[in-house]
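For reference, query_9.csv is printed below; it contains CSV, C-alpha atoms.
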```csv
chain,number,residue,atom,x,y,z
Q,1,ASN,CA,-3.0,55.7,234.6
Q,2,ALA,CA,-3.6,53.3,231.7
Q,3,GLY,CA,-3.7,56.0,228.9
Q,4,VAL,CA,-5.4,54.8,225.8
Q,5,THR,CA,-6.6,51.2,225.8
Q,6,GLN,CA,-7.6,49.4,222.6
Q,7,THR,CA,-9.1,46.0,222.2
Q,8,PRO,CA,-8.9,43.5,220.6
Q,9,LYS,CA,-5.2,43.6,219.6
Q,10,PHE,CA,-5.7,41.0,216.9
Q,11,GLN,CA,-8.9,39.9,215.0
Q,12,VAL,CA,-9.7,37.9,211.9
Q,13,LEU,CA,-13.1,38.5,210.4
Q,14,LYS,CA,-15.0,36.9,207.5
Q,15,THR,CA,-16.3,39.2,204.7
Q,16,GLY,CA,-19.7,40.6,205.7
Q,17,GLN,CA,-19.2,40.1,209.5
Q,18,SER,CA,-19.5,43.1,211.8
Q,19,MET,CA,-17.4,43.9,214.8
Q,20,THR,CA,-16.5,46.7,217.2
Q,21,LEU,CA,-13.1,47.9,218.1
Q,22,GLN,CA,-13.1,49.3,221.6
Q,23,CYS,CA,-11.2,52.4,222.7
Q,24,ALA,CA,-11.1,53.9,226.2
Q,25,GLN,CA,-9.0,56.7,227.7
Q,26,ASP,CA,-8.7,57.6,231.4
Q,27,MET,CA,-7.1,61.1,230.9
Q,28,ASN,CA,-10.4,63.1,230.6
Q,29,HIS,CA,-9.5,64.0,227.0
Q,30,GLU,CA,-12.1,65.7,224.9
Q,31,TYR,CA,-10.6,64.8,221.5
Q,32,MET,CA,-10.6,61.2,220.4
Q,33,SER,CA,-9.9,59.8,216.9
Q,34,TRP,CA,-9.5,56.6,214.9
Q,35,TYR,CA,-6.9,56.1,212.3
Q,36,ARG,CA,-6.0,53.3,210.0
Q,37,GLN,CA,-2.4,52.5,208.9
Q,38,ASP,CA,-1.7,50.7,205.6
Q,39,PRO,CA,1.7,49.8,204.0
Q,40,GLY,CA,3.1,52.6,202.0
Q,41,MET,CA,0.6,55.1,203.3
Q,42,GLY,CA,0.6,57.4,206.3
Q,43,LEU,CA,-2.0,57.2,209.0
Q,44,ARG,CA,-5.4,58.2,207.7
Q,45,LEU,CA,-8.2,59.6,209.8
Q,46,ILE,CA,-11.4,57.6,209.9
Q,47,HIS,CA,-13.6,59.4,212.4
Q,48,TYR,CA,-13.1,61.8,215.3
Q,49,SER,CA,-14.9,63.3,218.2
Q,50,VAL,CA,-14.4,66.6,220.0
Q,51,GLY,CA,-16.5,65.6,223.0
Q,52,ALA,CA,-19.3,63.4,224.3
Q,53,GLY,CA,-22.2,63.3,221.8
Q,54,ILE,CA,-20.2,64.9,219.0
Q,55,THR,CA,-18.6,62.9,216.2
Q,56,ASP,CA,-17.5,63.7,212.6
Q,57,GLN,CA,-16.0,62.1,209.6
Q,58,GLY,CA,-12.4,62.0,208.7
Q,59,GLU,CA,-10.7,61.2,205.3
Q,60,VAL,CA,-11.9,57.5,205.0
Q,61,PRO,CA,-15.2,57.1,206.9
Q,62,ASN,CA,-17.0,54.7,204.5
Q,63,GLY,CA,-17.8,51.3,206.1
Q,64,TYR,CA,-17.2,52.6,209.7
Q,65,ASN,CA,-19.5,53.9,212.4
Q,66,VAL,CA,-18.6,55.6,215.7
Q,67,SER,CA,-20.4,57.0,218.7
Q,68,ARG,CA,-19.3,58.9,221.8
Q,69,SER,CA,-21.8,58.4,224.6
Q,70,THR,CA,-19.2,59.1,227.3
Q,71,THR,CA,-15.9,61.1,227.5
Q,72,GLU,CA,-13.9,57.9,228.1
Q,73,ASP,CA,-15.1,55.6,225.3
Q,74,PHE,CA,-15.0,55.9,221.5
Q,75,PRO,CA,-15.8,52.6,219.8
Q,76,LEU,CA,-15.4,52.0,216.1
Q,77,ARG,CA,-17.9,49.7,214.4
Q,78,LEU,CA,-17.3,47.9,211.1
Q,79,LEU,CA,-20.7,47.4,209.7
Q,80,SER,CA,-20.0,44.7,207.0
Q,81,ALA,CA,-16.3,43.9,206.9
Q,82,ALA,CA,-14.6,43.9,203.5
Q,83,PRO,CA,-11.1,42.7,202.6
Q,84,SER,CA,-10.2,46.4,201.9
Q,85,GLN,CA,-10.6,47.0,205.6
Q,86,THR,CA,-7.7,44.8,206.5
Q,87,SER,CA,-5.4,47.2,208.3
Q,88,VAL,CA,-3.9,48.3,211.6
Q,89,TYR,CA,-6.2,50.6,213.5
Q,90,PHE,CA,-5.1,53.1,216.1
Q,91,CYS,CA,-7.2,55.0,218.5
Q,92,ALA,CA,-5.8,58.3,219.8
Q,93,SER,CA,-6.7,61.1,222.2
Q,94,SER,CA,-5.6,64.5,223.2
Q,95,PHE,CA,-6.9,67.1,225.8
Q,96,ARG,CA,-8.5,69.1,223.1
Q,97,GLN,CA,-7.8,69.2,219.3
Q,98,PRO,CA,-4.2,68.1,218.7
Q,99,SER,CA,-3.0,71.6,218.0
Q,100,GLY,CA,-0.9,72.6,221.0
Q,101,ASN,CA,-1.7,69.3,222.8
Q,102,THR,CA,0.3,66.1,223.0
Q,103,ILE,CA,-1.5,63.2,221.3
Q,104,TYR,CA,-1.6,59.7,222.9
Q,105,PHE,CA,-2.1,56.6,220.9
Q,106,GLY,CA,-3.4,53.1,221.8
Q,107,GLU,CA,-1.3,50.1,221.0
Q,108,GLY,CA,-3.1,49.3,217.8
Q,109,SER,CA,-5.5,46.6,216.6
Q,110,TRP,CA,-4.5,44.3,213.7
Q,111,LEU,CA,-7.6,43.4,211.7
Q,112,THR,CA,-7.6,40.8,208.9
Q,113,VAL,CA,-10.7,40.4,206.8
Q,114,VAL,CA,-10.8,37.2,204.7
G,1,LYS,CA,1.8,65.0,195.4
G,2,ASN,CA,1.6,64.1,199.1
G,3,GLU,CA,1.1,66.9,201.5
G,4,VAL,CA,3.9,65.6,203.7
G,5,GLU,CA,7.2,64.2,202.4
G,6,GLN,CA,9.7,62.5,204.6
G,7,SER,CA,13.2,61.6,203.7
G,8,PRO,CA,14.9,59.3,203.7
G,9,GLN,CA,12.3,56.4,203.7
G,10,ASN,CA,14.9,54.0,205.1
G,11,LEU,CA,18.0,54.8,207.0
G,12,THR,CA,20.7,52.4,208.4
G,13,ALA,CA,23.3,53.7,210.8
G,14,GLN,CA,26.0,52.5,213.1
G,15,GLU,CA,25.7,53.0,216.8
G,16,GLY,CA,27.0,56.4,217.8
G,17,GLU,CA,26.3,58.1,214.5
G,18,PHE,CA,24.4,61.4,214.2
G,19,ILE,CA,21.0,60.9,212.5
G,20,THR,CA,18.8,63.4,210.6
G,21,ILE,CA,15.3,62.8,209.3
G,22,ASN,CA,13.7,65.4,207.2
G,23,CYS,CA,10.0,66.4,206.8
G,24,SER,CA,8.7,68.9,204.2
G,25,TYR,CA,5.0,69.8,204.0
G,26,SER,CA,2.9,71.8,201.6
G,27,VAL,CA,0.0,72.9,203.8
G,28,GLY,CA,-0.4,75.7,206.3
G,29,ILE,CA,0.1,74.4,209.8
G,30,SER,CA,-0.3,75.5,213.4
G,31,ALA,CA,2.0,72.9,214.9
G,32,LEU,CA,4.0,69.8,213.9
G,33,HIS,CA,4.3,66.5,215.8
G,34,TRP,CA,7.1,63.9,215.6
G,35,LEU,CA,6.0,60.4,216.5
G,36,GLN,CA,8.0,57.2,217.1
G,37,GLN,CA,6.6,53.8,216.2
G,38,HIS,CA,8.4,50.7,217.6
G,39,PRO,CA,8.3,47.2,216.2
G,40,GLY,CA,5.1,45.8,217.6
G,41,GLY,CA,3.3,48.9,216.5
G,42,GLY,CA,2.9,51.2,219.5
G,43,ILE,CA,3.1,55.0,218.6
G,44,VAL,CA,4.5,57.5,221.0
G,45,SER,CA,4.6,61.3,220.7
G,46,LEU,CA,8.2,62.6,220.8
G,47,PHE,CA,7.7,66.3,220.1
G,48,MET,CA,5.1,68.9,219.3
G,49,LEU,CA,6.5,72.2,218.0
G,50,SER,CA,5.2,75.3,216.3
G,51,SER,CA,8.5,77.2,216.0
G,52,GLY,CA,12.2,77.0,216.6
G,53,LYS,CA,13.7,74.0,218.3
G,54,LYS,CA,13.0,71.5,221.1
G,55,LYS,CA,15.4,69.0,222.8
G,56,HIS,CA,14.7,65.9,224.8
G,57,GLY,CA,17.8,64.0,225.8
G,58,ARG,CA,19.5,62.9,222.6
G,59,LEU,CA,16.6,64.0,220.4
G,60,ILE,CA,16.4,67.4,218.8
G,61,ALA,CA,13.5,68.7,216.6
G,62,THR,CA,13.6,71.9,214.6
G,63,ILE,CA,11.0,73.6,212.4
G,64,ASN,CA,11.2,76.4,209.9
G,65,ILE,CA,7.7,77.6,209.3
G,66,GLN,CA,8.6,79.9,206.4
G,67,GLU,CA,10.4,77.1,204.5
G,68,LYS,CA,7.7,74.4,205.5
G,69,HIS,CA,10.4,72.1,206.8
G,70,SER,CA,11.2,70.2,210.0
G,71,SER,CA,14.0,68.0,211.0
G,72,LEU,CA,14.5,65.4,213.7
G,73,HIS,CA,18.0,64.7,214.9
G,74,ILE,CA,19.3,61.9,217.0
G,75,THR,CA,22.7,62.3,218.6
G,76,ALA,CA,24.9,59.3,219.6
G,77,SER,CA,22.4,56.9,218.1
G,78,HIS,CA,21.7,53.6,219.8
G,79,PRO,CA,20.2,50.3,218.7
G,80,ARG,CA,17.2,51.0,220.9
G,81,ASP,CA,16.5,54.1,218.6
G,82,SER,CA,15.5,51.6,215.8
G,83,ALA,CA,11.9,52.5,215.0
G,84,VAL,CA,9.8,54.2,212.4
G,85,TYR,CA,9.7,58.0,212.8
G,86,ILE,CA,6.6,59.8,211.6
G,87,CYS,CA,6.2,63.5,210.9
G,88,ALA,CA,2.6,64.8,211.4
G,89,PRO,CA,1.9,68.4,210.6
G,90,GLN,CA,-1.3,69.9,212.2
G,91,LYS,CA,-3.3,71.7,209.5
G,92,THR,CA,-4.4,75.2,210.2
G,93,SER,CA,-7.6,74.5,208.4
G,94,GLY,CA,-9.7,72.0,210.5
G,95,SER,CA,-6.9,71.3,213.0
G,96,ARG,CA,-6.5,67.8,211.6
G,97,LEU,CA,-3.2,65.9,211.6
G,98,THR,CA,-1.8,64.8,208.3
G,99,PHE,CA,0.9,62.1,208.4
G,100,GLY,CA,4.1,61.3,206.5
G,101,GLU,CA,4.7,57.7,205.5
G,102,GLY,CA,7.5,57.4,208.1
G,103,THR,CA,11.2,56.8,208.1
G,104,GLN,CA,12.4,53.4,209.0
G,105,LEU,CA,15.6,53.8,211.1
G,106,THR,CA,17.8,50.8,211.9
G,107,VAL,CA,20.8,51.4,214.2
G,108,ASN,CA,23.3,48.6,214.2
G,109,PRO,CA,25.6,47.9,217.2
```

Can I see the file as structure tokens?
Amino acid sequence: NAGVTQTPKFQVLKTGQSMTLQCAQDMNHEYMSWYRQDPGMGLRLIHYSVGAGITDQGEVPNGYNVSRSTTEDFPLRLLSAAPSQTSVYFCASSFRQPSGNTIYFGEGSWLTVV
Amino acid sequence: KNEVEQSPQNLTAQEGEFITINCSYSVGISALHWLQQHPGGGIVSLFMLSSGKKKHGRLIATINIQEKHSSLHITASHPRDSAVYICAPQKTSGSRLTFGEGTQLTVNP
């Protein structure tokens, strides 16, 4: 049982490049989400999904795109990377919405945009 | 003002000491999560509680819904407890998590 798997762990991008952070879970969780973590700030929600085919925006969605074609996978796309997107990104999942359910996090992806 | 305030921001203790980390929040919540983030970044859920008190080993979490306050206690602290501890209330409206900035705990041998 792998839990929540994120790739890549480290990535350096040039401004304007695009890339996709991959997230997969093998626990049959309905709820998946992406957060970014910046120094001096708490984790902030980028996008989330309550099931296959359903996604919605969080607090800081600009510059990011998501899709949920299967229950297992929830990739995060950076459309045109900017230095402000330098951050640590975490994917998380729970059985349903986190209320009343344990939340599981991936190991994190360190992204630097130069 | 942040919706979630944790204190202290940094805490250094000697092995064996009793540790308390506090979390105050200003929003209505349905539950509150305590998370642990180790050096290297991985985040693990320690507790999820909506009332009263929960205990796992040397860790105890309490919540007072009326006072909008939660505490995380570590008894007989150990260097392996060194980590960032994050409070994450679950908002009633929209069911989203909101996160504190975390408390950096260092336990020295």

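Near chain G, within 10 Å and using all atoms listed in the file, the residues of chain Q are Gln37, Asp38, Pro39, Gly40, Met41, Gly42, Leu43, Arg44, Leu45, Tyr48, Gly58, Val88, Phe90, Ala92, Gln97, Pro98, Ser99, Gly100, Asn101, Thr102, Ile103, Tyr104, Phe105, Gly106, Glu107, Gly108, Ser109 and Trp110 of chain Q.
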
Using only C-alpha atoms, please write the residues we just selected to a file, as a PDB file, in the coordinates of the input.
```
ATOM      1  CA  GLN Q  37      -2.400  52.500 208.900  1.00  0.00           C
ATOM      2  CA  ASP Q  38      -1.700  50.700 205.600  1.00  0.00           C
ATOM      3  CA  PRO Q  39       1.700  49.800 204.000  1.00  0.00           C
ATOM      4  CA  GLY Q  40       3.100  52.600 202.000  1.00  0.00           C
ATOM      5  CA  MET Q  41       0.600  55.100 203.300  1.00  0.00           C
ATOM      6  CA  GLY Q  42       0.600  57.400 206.300  1.00  0.00           C
ATOM      7  CA  LEU Q  43      -2.000  57.200 209.000  1.00  0.00           C
ATOM      8  CA  ARG Q  44      -5.400  58.200 207.700  1.00  0.00           C
ATOM      9  CA  LEU Q  45      -8.200  59.600 209.800  1.00  0.00           C
ATOM     10  CA  TYR Q  48     -13.100  61.800 215.300  1.00  0.00           C
ATOM     11  CA  GLY Q  58     -12.400  62.000 208.700  1.00  0.00           C
ATOM     12  CA  VAL Q  88      -3.900  48.300 211.600  1.00  0.00           C
ATOM     13  CA  PHE Q  90      -5.100  53.100 216.100  1.00  0.00           C
ATOM     14  CA  ALA Q  92      -5.800  58.300 219.800  1.00  0.00           C
ATOM     15  CA  GLN Q  97      -7.800  69.200 219.300  1.00  0.00           C
ATOM     16  CA  PRO Q  98      -4.200  68.100 218.700  1.00  0.00           C
ATOM     17  CA  SER Q  99      -3.000  71.600 218.000  1.00  0.00           C
ATOM     18  CA  GLY Q 100      -0.900  72.600 221.000  1.00  0.00           C
ATOM     19  CA  ASN Q 101      -1.700  69.300 222.800  1.00  0.00           C
ATOM     20  CA  THR Q 102       0.300  66.100 223.000  1.00  0.00           C
ATOM     21  CA  ILE Q 103      -1.500  63.200 221.300  1.00  0.00           C
ATOM     22  CA  TYR Q 104      -1.600  59.700 222.900  1.00  0.00           C
ATOM     23  CA  PHE Q 105      -2.100  56.600 220.900  1.00  0.00           C
ATOM     24  CA  GLY Q 106      -3.400  53.100 221.800  1.00  0.00           C
ATOM     25  CA  GLU Q 107      -1.300  50.100 221.000  1.00  0.00           C
ATOM     26  CA  GLY Q 108      -3.100  49.300 217.800  1.00  0.00           C
ATOM     27  CA  SER Q 109      -5.500  46.600 216.600  1.00  0.00           C
ATOM     28  CA  TRP Q 110      -4.500  44.300 213.700  1.00  0.00           C
TER      29      TRP Q 110
END
```

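Proximity to Cys91 in chain Q was assessed for Q:Met19, Q:Val60, Q:Met32, Q:Val113 counting all atoms listed in the file; the smallest distance is recorded for Q:Met32.
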
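Taking CA of Ile21 in chain G and CA of Thr103 in chain G as endpoints, the distance between them is 7.4 Å.
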
Which one of G:Val107, G:Ala83, G:Ser70, G:Gln9 sits closest to Pro39 in chain G if you count all atoms listed in the file?
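That would be G:Ala83, the residue with the smallest distance to Pro39 in chain G.
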
May I ask for the distance between CA of Thr5 in chain Q and CA of Trp34 in chain G, given in Å to one decimal place?
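According to the coordinates, CA of Thr5 in chain Q and CA of Trp34 in chain G are separated by 21.3 Å.
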
At what distance in Å, to one decimal, does CA of Gly51 in chain Q lie from CA of His29 in chain Q?
8.2 Å

Residue list as a ChimeraX atom specification for point (14.7, 76.2, 205.6), cut-off 12 Å, all atoms listed in the file
/G:22-25,52,62-71

Counting all atoms listed in the file, what is within 10 Å of Thr12 in chain G, bar same-chain residues fewer than 4 positions away, as a PDB file with C-alpha atoms, in the frame of the given file?
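Generated file (out_6.pdb):
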```pdb
ATOM      1  CA  ILE G  19      21.000  60.900 212.500  1.00  0.00           C
ATOM      2  CA  SER G  82      15.500  51.600 215.800  1.00  0.00           C
ATOM      3  CA  GLN G 104      12.400  53.400 209.000  1.00  0.00           C
ATOM      4  CA  LEU G 105      15.600  53.800 211.100  1.00  0.00           C
ATOM      5  CA  THR G 106      17.800  50.800 211.900  1.00  0.00           C
ATOM      6  CA  VAL G 107      20.800  51.400 214.200  1.00  0.00           C
ATOM      7  CA  ASN G 108      23.300  48.600 214.200  1.00  0.00           C
TER       8      ASN G 108
END
```

Given the choices G:Gln36, G:Thr75, G:Ser7, G:Val84, which gets closest to Lys55 in chain G if the distance is worked out from all atoms listed in the file?
G:Thr75

Polymer residues at most 8 Å from Ala52 in chain Q, all atoms listed in the file, same-chain spacing of 5 or more positions, as a list of chain:residue names:
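The residues that qualify are Q:Glu30, Q:Arg68, Q:Ser69, Q:Thr70, Q:Thr71.
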
Point out the residue among Q:Gln85, Q:Ser94, Q:Asn65, Q:Thr112 with the least atom-to-atom distance to Lys9 in chain Q, counting all atoms listed in the file.
Q:Thr112

Find, counting only C-alpha atoms, the residue in Q:Tyr89, Q:Phe10, Q:Phe95, Q:Trp34 that gets nearest to Thr55 in chain Q.
Q:Trp34

Would you pick out the contacts of Thr15 in chain Q at 9 Å or less, using all atoms listed in the file, so that residues sharing its chain but fewer than 4 positions from it are not included, and give the list as a list in words?
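The residues that qualify are Ser80, Ala81, Ala82, Pro83, Val113 and Val114 of chain Q.
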